[in-house]
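Shown below: input30.txt, with compact mmCIF, C-alpha atoms.
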```
# COMPACT_ATOMS: atom_id res chain seq x y z
CA MET A 24 -48.02 -21.38 4.54
CA CYS A 25 -47.48 -23.31 7.76
CA GLU A 26 -43.74 -23.66 7.48
CA ILE A 27 -42.82 -20.36 9.04
CA LYS A 28 -41.92 -20.74 12.69
CA LYS A 29 -43.55 -18.55 15.32
CA SER A 30 -40.13 -17.24 16.37
CA THR A 31 -39.36 -16.28 12.76
CA LEU A 32 -42.72 -14.59 12.37
CA GLY A 33 -41.95 -12.57 15.50
CA ARG A 34 -38.79 -11.15 13.90
CA LEU A 35 -40.33 -10.25 10.53
CA PRO A 36 -41.62 -6.81 11.64
CA ALA A 37 -38.06 -5.91 12.72
CA TYR A 38 -36.63 -6.94 9.32
CA LEU A 39 -39.32 -4.95 7.58
CA GLU A 40 -38.68 -1.81 9.61
CA PHE A 41 -34.96 -2.03 8.86
CA LEU A 42 -35.53 -2.64 5.14
CA TYR A 43 -37.93 0.31 4.85
CA GLY A 44 -35.13 2.49 6.25
CA ILE A 45 -32.54 1.42 3.66
CA LYS A 46 -34.63 0.71 0.58
CA ASP A 47 -33.80 4.02 -1.16
CA LYS A 48 -30.10 3.66 -0.41
CA ARG A 49 -29.29 0.03 -1.18
CA GLU A 50 -30.55 -2.01 -4.07
CA THR A 51 -29.30 -5.27 -2.59
CA ILE A 52 -28.64 -6.30 0.99
CA SER A 53 -26.76 -9.26 2.45
CA THR A 54 -28.00 -11.34 5.36
CA SER A 55 -24.84 -10.52 7.33
CA ALA A 56 -25.44 -6.78 6.96
CA ILE A 57 -29.00 -7.28 8.23
CA ALA A 58 -27.73 -9.42 11.10
CA ASP A 59 -25.21 -6.74 12.10
CA ALA A 60 -27.73 -3.94 11.94
CA LEU A 61 -30.27 -5.78 14.12
CA SER A 62 -27.80 -7.61 16.39
CA PHE A 63 -29.29 -10.94 15.34
CA GLY A 64 -27.22 -14.04 14.61
CA SER A 65 -26.41 -14.32 10.90
CA VAL A 66 -27.41 -17.99 10.73
CA GLN A 67 -30.77 -17.06 12.20
CA VAL A 68 -31.26 -14.24 9.69
CA LYS A 69 -30.34 -16.55 6.82
CA LYS A 70 -32.90 -19.14 7.98
CA ASP A 71 -35.60 -16.58 8.68
CA LEU A 72 -35.34 -14.90 5.30
CA SER A 73 -35.05 -18.08 3.27
CA SER A 74 -38.32 -19.29 4.77
CA VAL A 75 -40.03 -16.14 3.46
CA CYS A 76 -38.22 -15.40 0.21
CA ASN A 77 -36.25 -17.89 -1.86
CA LYS A 78 -34.61 -15.35 -4.14
CA GLY A 79 -31.43 -14.69 -2.14
CA LYS A 80 -28.14 -15.15 -4.02
CA PRO A 81 -24.76 -16.18 -2.56
CA LYS A 82 -22.37 -13.22 -2.05
CA ILE A 83 -24.99 -10.71 -3.20
CA GLY A 84 -27.89 -11.30 -0.87
CA TYR A 85 -31.40 -10.14 -1.59
CA LYS A 86 -32.82 -7.43 -3.80
CA THR A 87 -34.13 -5.04 -1.17
CA ALA A 88 -37.42 -4.33 -2.92
CA GLU A 89 -38.10 -8.01 -3.57
CA LEU A 90 -37.41 -8.96 0.04
CA ILE A 91 -39.69 -6.22 1.33
CA GLU A 92 -42.45 -7.41 -0.96
CA ASP A 93 -42.15 -11.03 0.18
CA ILE A 94 -42.10 -10.18 3.89
CA GLU A 95 -45.09 -7.89 3.40
CA LYS A 96 -46.91 -10.70 1.63
CA THR A 97 -46.27 -12.96 4.60
CA ILE A 98 -47.32 -10.66 7.40
CA LYS A 99 -49.48 -7.98 5.85
CA ASP A 100 -51.46 -9.55 3.06
CA VAL A 101 -54.16 -10.59 5.42
CA ASN A 102 -57.74 -10.80 4.35
CA SER A 103 -58.99 -12.61 7.40
CA GLY A 104 -61.97 -11.22 9.16
CA ILE A 105 -61.36 -11.34 12.90
CA VAL A 106 -64.11 -10.95 15.50
CA LEU A 107 -64.04 -10.73 19.28
CA VAL A 108 -66.82 -12.13 21.46
CA GLY A 109 -67.14 -10.92 25.05
CA VAL A 110 -66.27 -7.34 25.95
CA GLY A 111 -65.34 -7.79 29.62
CA LYS A 112 -61.97 -6.80 31.07
CA ILE A 113 -59.99 -9.13 28.82
CA GLY A 114 -62.08 -8.30 25.75
CA GLU A 115 -61.58 -4.58 26.36
CA ALA A 116 -57.85 -5.07 26.75
CA ILE A 117 -57.73 -6.95 23.43
CA LEU A 118 -59.82 -4.34 21.58
CA ASN A 119 -57.50 -1.61 22.85
CA TYR A 120 -54.25 -3.50 22.28
CA GLY A 121 -51.99 -1.46 20.04
CA GLY A 122 -49.71 -4.19 18.72
CA PHE A 123 -51.85 -6.04 16.17
CA ASN A 124 -51.15 -3.48 13.49
CA LYS A 125 -47.52 -4.50 13.09
CA PHE A 126 -48.76 -7.76 11.62
CA GLY A 127 -51.48 -6.09 9.58
CA LEU A 128 -54.18 -7.55 11.81
CA LYS A 129 -57.39 -5.78 12.68
CA ILE A 130 -60.40 -6.88 14.68
CA SER A 131 -63.40 -6.01 12.54
CA ALA A 132 -66.27 -6.53 14.97
CA ALA A 133 -67.06 -7.18 18.63
CA PHE A 134 -70.03 -8.92 20.23
CA ASP A 135 -71.55 -9.12 23.69
CA SER A 136 -74.86 -10.18 25.22
CA ASP A 137 -75.11 -7.32 27.73
CA PRO A 138 -77.71 -4.72 26.59
CA ASN A 139 -75.65 -2.04 28.36
CA LYS A 140 -72.68 -2.79 26.11
CA ILE A 141 -74.45 -3.41 22.79
CA GLY A 142 -74.28 -0.29 20.61
CA ARG A 143 -71.39 1.21 22.60
CA SER A 144 -68.09 1.57 20.86
CA GLU A 145 -64.65 0.54 22.08
CA ASN A 146 -61.56 1.77 20.21
CA ASP A 147 -63.83 2.63 17.24
CA ILE A 148 -65.35 -0.84 17.09
CA ILE A 149 -69.09 -0.93 17.70
CA ILE A 150 -70.25 -3.70 20.01
CA SER A 151 -73.04 -5.80 18.44
CA ASP A 152 -75.55 -8.26 19.86
CA VAL A 153 -74.09 -11.76 20.12
CA ALA A 154 -77.38 -13.02 18.65
CA ASP A 155 -76.12 -11.68 15.31
CA LEU A 156 -72.73 -13.39 15.57
CA GLN A 157 -73.30 -16.31 13.21
CA ASN A 158 -74.92 -14.15 10.53
CA TYR A 159 -72.13 -11.61 10.70
CA CYS A 160 -69.45 -14.28 10.35
CA GLU A 161 -71.21 -15.80 7.33
CA SER A 162 -71.78 -12.48 5.58
CA ASN A 163 -68.27 -11.18 6.21
CA LYS A 164 -66.24 -14.35 5.65
CA VAL A 165 -64.80 -14.20 9.15
CA THR A 166 -62.01 -16.76 9.64
CA ILE A 167 -60.85 -16.10 13.23
CA GLY A 168 -62.94 -15.76 16.37
CA ILE A 169 -61.54 -14.57 19.70
CA ILE A 170 -63.52 -15.88 22.68
CA ALA A 171 -63.34 -13.78 25.85
CA VAL A 172 -66.65 -14.72 27.46
CA PRO A 173 -67.16 -16.48 30.82
CA LYS A 174 -66.41 -20.21 30.91
CA ALA A 175 -70.10 -21.17 30.94
CA ASP A 176 -70.83 -19.38 27.66
CA ALA A 177 -67.69 -20.31 25.76
CA GLN A 178 -68.90 -23.53 24.08
CA ALA A 179 -72.09 -21.93 22.75
CA VAL A 180 -70.10 -19.01 21.35
CA CYS A 181 -67.63 -21.45 19.81
CA ASP A 182 -70.50 -23.34 18.14
CA SER A 183 -71.93 -20.12 16.68
CA LEU A 184 -68.55 -19.09 15.32
CA ILE A 185 -68.03 -22.45 13.64
CA SER A 186 -71.57 -22.47 12.23
CA GLY A 187 -70.70 -19.06 10.80
CA GLY A 188 -67.70 -20.52 8.97
CA VAL A 189 -64.86 -19.56 11.33
CA LYS A 190 -61.75 -21.74 10.91
CA ALA A 191 -59.64 -20.73 13.92
CA ILE A 192 -60.40 -19.84 17.52
CA TRP A 193 -58.30 -18.02 20.10
CA ASN A 194 -59.85 -18.98 23.42
CA PHE A 195 -59.29 -16.92 26.57
CA ALA A 196 -62.08 -18.67 28.50
CA PRO A 197 -60.62 -21.16 30.99
CA THR A 198 -62.28 -24.18 29.45
CA ILE A 199 -61.48 -26.79 26.81
CA LEU A 200 -63.66 -26.32 23.73
CA LYS A 201 -65.11 -29.23 21.76
CA THR A 202 -64.57 -28.77 18.02
CA ASN A 203 -63.90 -30.80 14.91
CA ASP A 204 -60.31 -31.53 14.00
CA ASP A 205 -60.32 -29.09 11.11
CA ILE A 206 -60.79 -26.14 13.47
CA ASN A 207 -57.58 -24.61 14.77
CA VAL A 208 -57.99 -23.83 18.48
CA MET A 209 -55.36 -21.84 20.37
CA GLN A 210 -55.97 -21.97 24.11
CA GLU A 211 -54.74 -18.95 26.08
CA ASP A 212 -54.36 -19.90 29.72
CA LEU A 213 -52.94 -16.95 31.65
CA ALA A 214 -52.96 -18.92 34.90
CA LEU A 215 -50.96 -21.77 33.40
CA SER A 216 -48.40 -19.35 31.96
CA LEU A 217 -47.89 -17.68 35.33
CA ALA A 218 -47.81 -21.01 37.16
CA TYR A 219 -45.16 -22.29 34.77
CA LEU A 220 -43.01 -19.18 35.21
CA ASN A 221 -43.40 -19.58 38.95
CA LEU A 222 -42.39 -23.24 38.84
CA LYS A 223 -39.29 -22.46 36.78
CA THR A 224 -38.32 -19.75 39.24
CA ARG A 225 -38.44 -21.86 42.39
CA MET B 9 -38.04 -28.19 39.98
CA CYS B 10 -37.72 -27.37 36.31
CA GLU B 11 -38.41 -30.85 35.00
CA ILE B 12 -42.18 -30.60 34.94
CA LYS B 13 -43.46 -29.78 31.48
CA LYS B 14 -45.89 -26.93 30.95
CA SER B 15 -48.41 -29.37 29.46
CA THR B 16 -48.14 -31.59 32.55
CA LEU B 17 -48.55 -28.62 34.86
CA GLY B 18 -51.70 -27.69 32.97
CA ARG B 19 -53.26 -31.08 33.76
CA LEU B 20 -52.37 -31.16 37.46
CA PRO B 21 -55.45 -29.19 38.61
CA ALA B 22 -57.67 -31.76 36.85
CA TYR B 23 -55.91 -34.65 38.62
CA LEU B 24 -56.25 -32.87 41.92
CA GLU B 25 -59.97 -32.22 41.47
CA PHE B 26 -60.55 -35.89 40.61
CA LEU B 27 -58.45 -37.11 43.57
CA TYR B 28 -60.27 -34.84 46.03
CA GLY B 29 -63.51 -36.49 44.87
CA ILE B 30 -62.32 -40.06 45.51
CA LYS B 31 -59.97 -39.67 48.47
CA ASP B 32 -62.49 -40.87 51.07
CA LYS B 33 -63.47 -43.82 48.93
CA ARG B 34 -60.21 -45.23 47.62
CA GLU B 35 -56.97 -45.63 49.50
CA THR B 36 -54.99 -46.38 46.35
CA ILE B 37 -55.60 -45.45 42.75
CA SER B 38 -54.06 -46.74 39.51
CA THR B 39 -52.97 -44.53 36.66
CA SER B 40 -55.30 -46.35 34.30
CA ALA B 41 -58.31 -45.64 36.55
CA ILE B 42 -57.34 -41.96 36.57
CA ALA B 43 -56.87 -42.00 32.80
CA ASP B 44 -60.32 -43.53 32.30
CA ALA B 45 -62.03 -41.09 34.63
CA LEU B 46 -60.50 -38.04 32.94
CA SER B 47 -60.42 -39.37 29.36
CA PHE B 48 -56.67 -38.85 29.23
CA GLY B 49 -54.25 -41.32 27.63
CA SER B 50 -52.85 -43.71 30.23
CA VAL B 51 -49.25 -43.25 29.04
CA GLN B 52 -49.67 -39.53 29.51
CA VAL B 53 -51.09 -39.96 33.01
CA LYS B 54 -48.23 -42.27 33.94
CA LYS B 55 -45.65 -39.74 32.76
CA ASP B 56 -47.42 -36.78 34.34
CA LEU B 57 -47.72 -38.37 37.76
CA SER B 58 -44.23 -39.84 37.85
CA SER B 59 -42.80 -36.37 37.29
CA VAL B 60 -44.62 -35.16 40.39
CA CYS B 61 -44.59 -38.16 42.72
CA ASN B 62 -42.15 -41.08 42.55
CA LYS B 63 -44.01 -43.32 44.95
CA GLY B 64 -46.23 -45.16 42.46
CA LYS B 65 -46.06 -48.97 42.58
CA PRO B 66 -46.65 -51.40 39.70
CA LYS B 67 -50.14 -53.03 39.75
CA ILE B 68 -51.17 -50.98 42.80
CA GLY B 69 -50.68 -47.42 41.70
CA TYR B 70 -50.48 -44.52 44.08
CA LYS B 71 -51.67 -44.02 47.64
CA THR B 72 -54.37 -41.43 47.09
CA ALA B 73 -53.40 -39.23 50.04
CA GLU B 74 -49.73 -39.26 49.11
CA LEU B 75 -50.43 -38.36 45.51
CA ILE B 76 -52.67 -35.48 46.55
CA GLU B 77 -49.99 -34.18 48.85
CA ASP B 78 -47.31 -34.27 46.17
CA ILE B 79 -49.46 -32.58 43.54
CA GLU B 80 -50.45 -29.93 46.05
CA LYS B 81 -46.80 -29.36 46.85
CA THR B 82 -46.08 -28.82 43.19
CA ILE B 83 -48.87 -26.42 42.36
CA LYS B 84 -50.01 -24.97 45.64
CA ASP B 85 -47.00 -24.62 47.86
CA VAL B 86 -46.23 -21.25 46.44
CA ASN B 87 -44.62 -18.61 48.54
CA SER B 88 -43.77 -16.31 45.70
CA GLY B 89 -44.76 -12.73 46.03
CA ILE B 90 -46.21 -11.60 42.71
CA VAL B 91 -46.69 -7.94 41.81
CA LEU B 92 -48.27 -6.25 38.81
CA VAL B 93 -47.01 -2.95 37.43
CA GLY B 94 -49.30 -0.90 35.19
CA VAL B 95 -53.05 -0.88 35.77
CA GLY B 96 -54.26 -0.05 32.26
CA LYS B 97 -56.66 -2.27 30.30
CA ILE B 98 -54.37 -5.29 30.32
CA GLY B 99 -53.37 -4.77 33.96
CA GLU B 100 -57.02 -4.54 34.99
CA ALA B 101 -57.81 -7.71 33.09
CA ILE B 102 -54.99 -9.54 34.87
CA LEU B 103 -56.00 -8.26 38.32
CA ASN B 104 -59.56 -9.45 37.69
CA TYR B 105 -58.63 -12.78 36.09
CA GLY B 106 -60.30 -15.58 38.01
CA GLY B 107 -58.06 -18.48 37.01
CA PHE B 108 -54.86 -17.97 39.02
CA ASN B 109 -56.36 -19.53 42.09
CA LYS B 110 -56.38 -23.04 40.64
CA PHE B 111 -52.57 -22.94 40.79
CA GLY B 112 -52.52 -21.29 44.22
CA LEU B 113 -51.26 -18.04 42.73
CA LYS B 114 -52.21 -14.61 44.00
CA ILE B 115 -51.08 -11.16 42.97
CA SER B 116 -50.19 -9.40 46.19
CA ALA B 117 -49.75 -5.80 45.04
CA ALA B 118 -50.28 -3.52 42.07
CA PHE B 119 -48.45 -0.34 41.07
CA ASP B 120 -49.09 2.58 38.72
CA SER B 121 -47.73 6.08 38.19
CA ASP B 122 -51.10 7.74 37.55
CA PRO B 123 -52.22 9.79 40.62
CA ASN B 124 -55.84 9.06 39.66
CA LYS B 125 -55.22 5.34 40.04
CA ILE B 126 -52.95 5.32 43.10
CA GLY B 127 -54.96 4.50 46.23
CA ARG B 128 -57.85 3.02 44.22
CA SER B 129 -58.52 -0.65 44.62
CA GLU B 130 -59.07 -3.25 41.89
CA ASN B 131 -60.39 -6.70 42.86
CA ASP B 132 -59.39 -5.97 46.49
CA ILE B 133 -55.82 -5.06 45.59
CA ILE B 134 -54.87 -1.49 46.42
CA ILE B 135 -52.90 0.31 43.69
CA SER B 136 -49.67 1.83 45.02
CA ASP B 137 -47.27 4.43 43.67
CA VAL B 138 -44.71 2.90 41.33
CA ALA B 139 -42.08 4.99 43.14
CA ASP B 140 -42.43 2.50 46.02
CA LEU B 141 -42.00 -0.56 43.78
CA GLN B 142 -38.40 -1.44 44.55
CA ASN B 143 -38.84 -1.01 48.31
CA TYR B 144 -41.98 -3.12 48.32
CA CYS B 145 -40.27 -5.94 46.39
CA GLU B 146 -37.32 -5.92 48.78
CA SER B 147 -39.43 -5.88 51.94
CA ASN B 148 -41.85 -8.55 50.75
CA LYS B 149 -39.46 -10.93 49.01
CA VAL B 150 -41.28 -10.58 45.71
CA THR B 151 -40.04 -13.08 43.11
CA ILE B 152 -42.26 -12.41 40.10
CA GLY B 153 -43.10 -9.09 38.47
CA ILE B 154 -45.77 -8.67 35.80
CA ILE B 155 -45.13 -5.70 33.51
CA ALA B 156 -48.20 -4.19 31.84
CA VAL B 157 -46.98 -0.63 31.30
CA PRO B 158 -46.51 1.17 27.96
CA LYS B 159 -43.48 0.16 25.90
CA ALA B 160 -41.54 3.33 26.78
CA ASP B 161 -41.71 2.66 30.53
CA ALA B 162 -41.10 -1.09 30.49
CA GLN B 163 -37.29 -1.14 30.82
CA ALA B 164 -37.29 1.26 33.80
CA VAL B 165 -39.93 -0.83 35.55
CA CYS B 166 -37.95 -3.99 34.78
CA ASP B 167 -34.81 -2.42 36.31
CA SER B 168 -36.70 -1.46 39.50
CA LEU B 169 -38.11 -4.96 39.84
CA ILE B 170 -34.70 -6.55 39.46
CA SER B 171 -33.12 -4.08 41.90
CA GLY B 172 -35.85 -5.13 44.31
CA GLY B 173 -34.80 -8.78 44.01
CA VAL B 174 -37.34 -10.10 41.52
CA LYS B 175 -36.19 -13.27 39.72
CA ALA B 176 -38.79 -13.63 36.97
CA ILE B 177 -40.68 -11.24 34.74
CA TRP B 178 -43.83 -11.70 32.71
CA ASN B 179 -43.74 -8.93 30.15
CA PHE B 180 -46.90 -7.76 28.34
CA ALA B 181 -45.23 -4.60 26.99
CA PRO B 182 -44.38 -5.02 23.30
CA THR B 183 -40.65 -4.57 23.75
CA ILE B 184 -37.62 -6.77 24.40
CA LEU B 185 -36.25 -6.21 27.93
CA LYS B 186 -32.55 -6.15 28.70
CA THR B 187 -31.74 -8.28 31.77
CA ASN B 188 -29.00 -10.49 33.10
CA ASP B 189 -29.10 -14.16 32.19
CA ASP B 190 -30.19 -15.21 35.67
CA ILE B 191 -33.52 -13.41 35.28
CA ASN B 192 -36.30 -15.48 33.78
CA VAL B 193 -38.22 -13.35 31.25
CA MET B 194 -41.43 -14.58 29.67
CA GLN B 195 -42.50 -12.35 26.81
CA GLU B 196 -46.25 -12.21 26.14
CA ASP B 197 -46.88 -10.96 22.64
CA LEU B 198 -50.60 -11.02 21.90
CA ALA B 199 -50.04 -9.70 18.39
CA LEU B 200 -47.57 -12.46 17.57
CA SER B 201 -49.94 -15.13 18.90
CA LEU B 202 -52.79 -13.86 16.74
CA ALA B 203 -50.52 -13.45 13.70
CA TYR B 204 -49.31 -17.02 14.11
CA LEU B 205 -52.84 -18.39 14.36
CA ASN B 206 -53.74 -16.36 11.29
CA LEU B 207 -50.75 -17.69 9.35
CA LYS B 208 -51.62 -21.29 10.24
CA THR B 209 -55.20 -20.72 9.12
CA ARG B 210 -54.46 -19.38 5.64
```
In structure tokens, write the structure found in this file.
Amino acid sequence: MCEIKKSTLGRLPAYLEFLYGIKDKRETISTSAIADALSFGSVQVKKDLSSVCNKGKPKIGYKTAELIEDIEKTIKDVNSGIVLVGVGKIGEAILNYGGFNKFGLKISAAFDSDPNKIGRSENDIIISDVADLQNYCESNKVTIGIIAVPKADAQAVCDSLISGGVKAIWNFAPTILKTNDDINVMQEDLALSLAYLNLKTR
Amino acid sequence: MCEIKKSTLGRLPAYLEFLYGIKDKRETISTSAIADALSFGSVQVKKDLSSVCNKGKPKIGYKTAELIEDIEKTIKDVNSGIVLVGVGKIGEAILNYGGFNKFGLKISAAFDSDPNKIGRSENDIIISDVADLQNYCESNKVTIGIIAVPKADAQAVCDSLISGGVKAIWNFAPTILKTNDDINVMQEDLALSLAYLNLKTR
């Protein structure tokens, strides 16, 4: 499942939205018609769709229903449990972020160590005690953990997540985490992103 | 100034911290000594430093003071004005983010359209009326605008920023902005990042 590029993945929701709109009107659809409708390049559309669905036919294109099904499988058939640890400013922003839904993603639980936050709810997600993190991950087959705690706590949280069976970590704490090679760590460094934009602009 | 890679830029603060620690003790420093101290690969260190400072000499290395000065120039000599527009959850998280300082970056002003927010202060930055955005950017030679407003308002904000002379935009709104080619737009799509991590983990 790793062969889909991030840029392709980013366009899949747009294809899906377009296909939903035409599915009752057109049984088949060509890549060039899709490219025209979305103002994408037709080579790009061809590449994108062939990486998701290999049933396209020359001159005919794709069966609309089949293509929808295959794109949905790629972006919506998601069983991953996702948890967030650390409900500070960044954690709150993530819990309230409206965009995850377009990829069928949902954060199922949030954790913090602050007694004033535990038991509160944020965007309908109840905040639990971080002491229960590992147990929760084990019981609920969580695969992704989002770390939004202060730097000093990040490694301990990471260790709990991994002990609980988590396979991938999205780290917003400004620190490099130590993990085994089989854990997928994505480091989010807002400062580096801004610094890079700044450097390119000078 | 565009030739420095993002990955190199990300390591510069670590070099700087190490060099500050040894600058009174060692007049020159070799790339291999730096690599050892930081547990980086020595080829990587060599490449990183030569992209910042071209005064390294074979067998001797760099003059410590010179190297510090050149790294500082790269990451700290920043005159860019940076403004944030939209003080919702994401905007608040950005205003309170502690990491920008390591690259010498500082957000100088924040804007919102909500009368309940205008005049309030967040992390010592006073929130101004978005109606004054363009004027502020012009008067203060702002070069980077961070957009953290809802999708529906993002293009109008983008247009004001560009009219005010802004050259680069960091967009957190989940929408593609229309700009001229000379404007540097960095799209931040949290949903896409999480979806990609999820896809790689399946």
Query raised in the report: Any idea what's packed within 10 Å of segment 62-74 of chain A, counting only C-alpha atoms, ignoring anything in its chain fewer than 2 positions away? Could you give it as a list in words?
Result: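 After dropping sequence-adjacent residues, the list is Met24, Glu26, Ile27, Lys28, Ser30, Thr31, Leu32, Arg34, Leu35, Tyr38, Ser53, Thr54, Ser55, Ala56, Ile57, Ala58, Asp59, Ala60, Cys76, Asn77, Lys78, Gly79, Gly84, Tyr85, Leu90, Asp93 and Ile94 of chain A.
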**Report entry** Point-to-point distance in Å for atom CA of Glu74 of chain B and atom CA of Ile37 of chain B
**Finding:** 10.6 Å
Requested in this report: Work out how far apart atom CA of Cys181 of chain A and atom CA of Lys140 of chain A are and give it in Å to one decimal.
Outcome: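 Computed distance, atom CA of Cys181 of chain A to atom CA of Lys140 of chain A, equals 20.3 Å.
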Query - Within 9 Å of chain B: residues of chain A, using only C-alpha atoms, as a count of residues only - result: 55
Query - Surrounding residues of segment 44-49 of chain A excluding itself and chain neighbours under 5 positions, 10 Å, all atoms listed in the file, as number ranges by chain - result: A: 39, 86-88, 91
Query raised in the report: In Å to one decimal, how far is atom CA of Ile134 of chain B from atom CA of Val165 of chain B?
Result: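 Going from atom CA of Val165 of chain B over to atom CA of Ile134 of chain B, I get 18.5 Å.
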Which centre and edge lengths in Å to one decimal define the box along x, y and z that fits every listed atom of segment 154-166 of chain A plus 6 Å per side, as JSON?
```
{"center_x": -69.7, "center_y": -14.0, "center_z": 12.1, "size_x": 27.4, "size_y": 17.6, "size_z": 25.1}
```
